[in-house]
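Inspection log for the structure reproduced underneath, given as C-alpha coordinates.
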Amino acid sequence: MKSFKNILFYVSLLVSFHVSSQIDTIADSNKKNSGKKVILAVPSKKIKKPISLEIGNNDGFKKAFDNKNKQDAKKKKEDDLNNKGILSAAKMSEERFLKSWKRINAPFPKIDQDLGSFRTQSESVRIICRDFQYPDGDRVTITINDIPVIRNITLQGSYQSFDLPLQVGINKIAFIALNQGTSGPNTAGFKVFDDSGNVISSNEWNLATGAKATVIIAKDK
(Lines give C-alpha, C1' and ligand atoms only; values in the text may rest on other atoms or scores of the structure.)
Protein backbone atom coordinates (compact mmCIF):
# COMPACT_ATOMS: atom_id res chain seq x y z
CA MET A 1 0.00 0.00 0.00
CA LYS A 2 2.83 2.32 0.82
CA SER A 3 4.58 1.53 -2.50
CA PHE A 4 1.40 2.34 -4.43
CA LYS A 5 1.23 5.74 -2.74
CA ASN A 6 4.84 6.35 -3.67
CA ILE A 7 4.09 5.56 -7.35
CA LEU A 8 1.17 7.99 -7.40
CA PHE A 9 3.38 10.67 -5.87
CA TYR A 10 6.04 10.32 -8.58
CA VAL A 11 3.42 10.29 -11.38
CA SER A 12 1.79 13.49 -10.16
CA LEU A 13 5.19 15.08 -9.82
CA LEU A 14 6.07 14.27 -13.43
CA VAL A 15 2.74 15.59 -14.74
CA SER A 16 3.18 18.83 -12.83
CA PHE A 17 6.69 19.27 -14.22
CA HIS A 18 5.56 18.67 -17.81
CA VAL A 19 2.63 21.11 -17.59
CA SER A 20 4.87 23.71 -16.05
CA SER A 21 7.42 23.31 -18.84
CA GLN A 22 4.74 23.80 -21.51
CA ILE A 23 3.44 26.91 -19.78
CA ASP A 24 6.96 28.37 -19.59
CA THR A 25 7.59 27.57 -23.28
CA ILE A 26 4.37 29.29 -24.37
CA ALA A 27 5.13 32.27 -22.17
CA ASP A 28 8.61 32.62 -23.61
CA SER A 29 7.20 32.39 -27.13
CA ASN A 30 4.63 35.10 -26.42
CA LYS A 31 7.34 37.33 -24.98
CA LYS A 32 9.45 36.91 -28.14
CA ASN A 33 6.56 37.67 -30.50
CA SER A 34 5.08 40.43 -28.39
CA GLY A 35 7.61 42.99 -29.76
CA LYS A 36 7.11 42.07 -33.46
CA LYS A 37 4.53 43.50 -35.83
CA VAL A 38 2.70 41.20 -38.17
CA ILE A 39 2.56 42.61 -41.74
CA LEU A 40 -0.07 41.36 -44.11
CA ALA A 41 0.64 41.65 -47.90
CA VAL A 42 -2.24 43.48 -49.59
CA PRO A 43 -2.29 43.92 -53.45
CA SER A 44 -1.83 47.60 -54.40
CA LYS A 45 -4.18 47.34 -57.38
CA LYS A 46 -7.06 45.17 -58.24
CA ILE A 47 -6.06 42.55 -60.79
CA LYS A 48 -8.34 42.59 -63.80
CA LYS A 49 -9.60 39.38 -65.17
CA PRO A 50 -8.24 38.71 -68.69
CA ILE A 51 -10.80 39.28 -71.43
CA SER A 52 -11.29 36.14 -73.42
CA LEU A 53 -11.27 36.33 -77.22
CA GLU A 54 -14.48 35.47 -78.94
CA ILE A 55 -14.11 32.93 -81.69
CA GLY A 56 -15.56 34.17 -84.99
CA ASN A 57 -15.14 37.86 -84.19
CA ASN A 58 -13.22 39.42 -87.17
CA ASP A 59 -13.36 43.04 -86.02
CA GLY A 60 -9.79 42.92 -84.75
CA PHE A 61 -8.44 41.58 -88.04
CA LYS A 62 -10.42 44.16 -90.07
CA LYS A 63 -9.08 47.02 -87.95
CA ALA A 64 -5.51 45.75 -88.34
CA PHE A 65 -5.98 45.48 -92.12
CA ASP A 66 -7.42 48.99 -92.37
CA ASN A 67 -4.60 50.41 -90.26
CA LYS A 68 -2.01 48.73 -92.50
CA ASN A 69 -3.60 50.23 -95.61
CA LYS A 70 -3.60 53.69 -94.02
CA GLN A 71 0.08 53.36 -93.09
CA ASP A 72 1.00 52.24 -96.62
CA ALA A 73 -0.92 55.14 -98.17
CA LYS A 74 0.78 57.60 -95.82
CA LYS A 75 4.23 56.21 -96.65
CA LYS A 76 3.56 56.41 -100.38
CA LYS A 77 2.47 60.01 -100.04
CA GLU A 78 5.64 60.84 -98.11
CA ASP A 79 7.80 59.05 -100.70
CA ASP A 80 6.12 60.97 -103.51
CA LEU A 81 6.81 64.24 -101.76
CA ASN A 82 10.42 63.29 -101.05
CA ASN A 83 11.03 62.23 -104.64
CA LYS A 84 9.22 65.14 -106.24
CA GLY A 85 11.39 66.65 -108.93
CA ILE A 86 14.12 64.02 -108.49
CA LEU A 87 14.86 61.74 -111.47
CA SER A 88 16.68 58.48 -110.98
CA ALA A 89 19.20 57.24 -113.53
CA ALA A 90 16.66 54.77 -114.90
CA LYS A 91 14.00 57.48 -115.14
CA MET A 92 16.41 59.82 -116.94
CA SER A 93 17.28 57.07 -119.43
CA GLU A 94 13.59 56.44 -120.01
CA GLU A 95 12.94 60.15 -120.56
CA ARG A 96 15.79 60.37 -123.10
CA PHE A 97 14.47 57.33 -124.97
CA LEU A 98 10.92 58.73 -125.12
CA LYS A 99 12.17 62.11 -126.34
CA SER A 100 14.27 60.43 -129.03
CA TRP A 101 11.39 58.18 -130.04
CA LYS A 102 9.01 61.14 -130.34
CA ARG A 103 11.53 63.05 -132.44
CA ILE A 104 12.10 60.11 -134.77
CA ASN A 105 8.43 59.26 -135.13
CA ALA A 106 7.11 62.80 -135.23
CA PRO A 107 4.41 63.25 -137.87
CA PHE A 108 6.06 65.00 -140.84
CA PRO A 109 3.73 67.06 -143.00
CA LYS A 110 2.35 65.11 -145.93
CA ILE A 111 3.43 67.41 -148.77
CA ASP A 112 3.79 66.19 -152.35
CA GLN A 113 6.82 67.37 -154.28
CA ASP A 114 7.00 68.42 -157.93
CA LEU A 115 10.40 67.44 -159.29
CA GLY A 116 10.00 69.17 -162.62
CA SER A 117 9.10 68.41 -166.27
CA PHE A 118 11.44 67.19 -169.05
CA ARG A 119 11.33 66.22 -172.73
CA THR A 120 13.01 63.24 -174.39
CA GLN A 121 12.90 61.09 -177.53
CA SER A 122 13.99 57.97 -175.63
CA GLU A 123 11.90 54.83 -175.82
CA SER A 124 12.58 54.14 -172.14
CA VAL A 125 14.22 55.54 -169.04
CA ARG A 126 16.43 54.00 -166.41
CA ILE A 127 15.69 54.93 -162.81
CA ILE A 128 18.20 54.37 -160.04
CA CYS A 129 17.24 55.06 -156.43
CA ARG A 130 18.62 54.60 -152.92
CA ASP A 131 18.34 55.83 -149.35
CA PHE A 132 20.70 58.83 -149.39
CA GLN A 133 20.95 58.78 -145.57
CA TYR A 134 21.44 55.83 -143.23
CA PRO A 135 19.35 52.89 -144.56
CA ASP A 136 16.55 52.42 -142.03
CA GLY A 137 13.89 50.51 -143.95
CA ASP A 138 12.41 53.28 -146.13
CA ARG A 139 10.03 51.77 -148.71
CA VAL A 140 8.62 53.26 -151.95
CA THR A 141 6.38 52.33 -154.85
CA ILE A 142 7.00 53.76 -158.34
CA THR A 143 4.07 54.49 -160.66
CA ILE A 144 3.73 55.68 -164.24
CA ASN A 145 0.52 57.58 -164.97
CA ASP A 146 -0.85 56.33 -161.62
CA ILE A 147 -0.19 52.68 -162.48
CA PRO A 148 2.22 50.89 -160.08
CA VAL A 149 5.14 49.44 -162.00
CA ILE A 150 7.66 48.91 -159.16
CA ARG A 151 5.91 47.91 -155.94
CA ASN A 152 7.05 48.18 -152.35
CA ILE A 153 10.82 48.23 -152.68
CA THR A 154 13.07 48.83 -149.67
CA LEU A 155 15.70 51.46 -150.35
CA GLN A 156 19.29 50.41 -149.72
CA GLY A 157 22.49 52.34 -149.22
CA SER A 158 23.52 51.50 -152.80
CA TYR A 159 21.52 52.28 -155.93
CA GLN A 160 18.90 49.92 -157.32
CA SER A 161 18.18 50.14 -161.05
CA PHE A 162 14.87 49.80 -162.97
CA ASP A 163 14.13 50.23 -166.69
CA LEU A 164 10.72 51.69 -167.55
CA PRO A 165 9.22 52.04 -171.07
CA LEU A 166 7.82 55.42 -172.14
CA GLN A 167 4.72 56.08 -174.17
CA VAL A 168 4.32 58.95 -176.59
CA GLY A 169 3.09 61.98 -174.78
CA ILE A 170 3.05 62.63 -171.06
CA ASN A 171 4.64 60.13 -168.65
CA LYS A 172 4.04 61.06 -165.02
CA ILE A 173 6.47 59.11 -162.90
CA ALA A 174 5.70 59.22 -159.17
CA PHE A 175 7.64 57.94 -156.17
CA ILE A 176 5.26 57.22 -153.27
CA ALA A 177 6.63 56.98 -149.72
CA LEU A 178 5.10 53.93 -148.03
CA ASN A 179 6.69 54.61 -144.64
CA GLN A 180 9.30 56.69 -142.83
CA GLY A 181 11.64 53.90 -141.80
CA THR A 182 12.82 53.78 -138.20
CA SER A 183 14.24 57.32 -138.11
CA GLY A 184 11.87 59.28 -140.42
CA PRO A 185 11.25 60.85 -142.78
CA ASN A 186 11.48 58.81 -145.98
CA THR A 187 14.82 59.87 -147.47
CA ALA A 188 15.04 58.71 -151.09
CA GLY A 189 17.47 59.85 -153.73
CA PHE A 190 17.02 59.04 -157.42
CA LYS A 191 18.33 59.70 -160.92
CA VAL A 192 16.51 59.29 -164.26
CA PHE A 193 18.58 58.48 -167.40
CA ASP A 194 17.48 58.35 -171.03
CA ASP A 195 18.38 55.39 -173.22
CA SER A 196 21.64 57.13 -174.20
CA GLY A 197 22.79 57.36 -170.56
CA ASN A 198 22.12 61.09 -170.19
CA VAL A 199 20.75 62.31 -166.88
CA ILE A 200 17.19 63.64 -167.32
CA SER A 201 16.47 64.34 -163.66
CA SER A 202 18.23 63.93 -160.33
CA ASN A 203 16.85 64.74 -156.92
CA GLU A 204 16.51 63.83 -153.26
CA TRP A 205 13.53 64.27 -150.91
CA ASN A 206 12.23 63.96 -147.38
CA LEU A 207 8.72 62.59 -147.52
CA ALA A 208 6.11 61.71 -144.93
CA THR A 209 4.22 58.45 -145.24
CA GLY A 210 1.78 58.65 -148.17
CA ALA A 211 3.42 61.67 -149.79
CA LYS A 212 4.79 61.43 -153.31
CA ALA A 213 7.39 63.06 -155.52
CA THR A 214 6.52 63.42 -159.18
CA VAL A 215 8.57 64.01 -162.30
CA ILE A 216 6.93 64.62 -165.74
CA ILE A 217 8.68 63.26 -168.84
CA ALA A 218 7.18 64.20 -172.20
CA LYS A 219 8.14 61.77 -175.02
CA ASP A 220 8.24 63.14 -178.53
CA LYS A 221 7.13 61.07 -181.56
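Every chain in the C-alpha coordinates has a letter given in the order shown (A, B, ...), and although residue numbers restart at 1 in each chain, ligands are simply numbered from 1 in the order shown.
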Within 6 Å of Ile144 in chain A, counting only C-alpha atoms, which residues show up once you throw out same-chain ones fewer than 2 positions away? Write them as a list of chain:residue names, please. A:Asp146, A:Ile147, A:Lys172, A:Ile173
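When only C-alpha atoms are used to compute distances to Phe118 in chain A, the closest of the residues A:Gln133, A:Asn69, A:Thr187, A:Asn171 turns out to be A:Asn171.
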With distances taken over only C-alpha atoms, which of A:Asp138, A:Asp112, A:Glu94, A:Glu123 is nearest to Ile217 in chain A?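 So, comparing all the options, the nearest one is A:Glu123.
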Need the shell around Pro135 in chain A: protein/DNA/RNA residues with any atom at most 9 Å away, counting only C-alpha atoms. Skip same-chain ones fewer than 6 positions apart. Format as a list in words? Leu155, Gln156, Gly157, Gly181 and Thr187 of chain A
Between CA of Gln113 in chain A and CA of Gly197 in chain A, distance in Å (one decimal):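 These atoms are spaced 24.9 Å apart.
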Min atom-atom distance to Ile153 in chain A from the set A:Leu207, A:Ile111, A:Val199, A:Val140, counting only C-alpha atoms, belongs to A:Val140
Name the residues in contact with Asn145 in chain A at a cut-off of 12 Å, using only C-alpha atoms, excluding same-chain residues fewer than 5 positions from it; report them as a list in words.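 So the residues in contact are Pro165, Leu166, Gln167, Gly169, Ile170, Asn171, Lys172, Ile173, Ala174, Phe175, Thr214, Val215, Ile216, Ile217 and Ala218 of chain A.
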Taking only range 131-217 of chain A into account, list the residues labelled strand (DSSP E or B) by DSSP (computed from the backbone), as a PyMOL selection string. chain A and resi 131+139-144+147-154+160-165+169-177+186-194+199-207+212-217
Just checking: using only C-alpha atoms, which residue out of A:Ser122, A:Asp66, A:Ile127, A:Val168 ends up closest to Lys221 in chain A?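 Smallest separation from Lys221 in chain A among the options: A:Val168.
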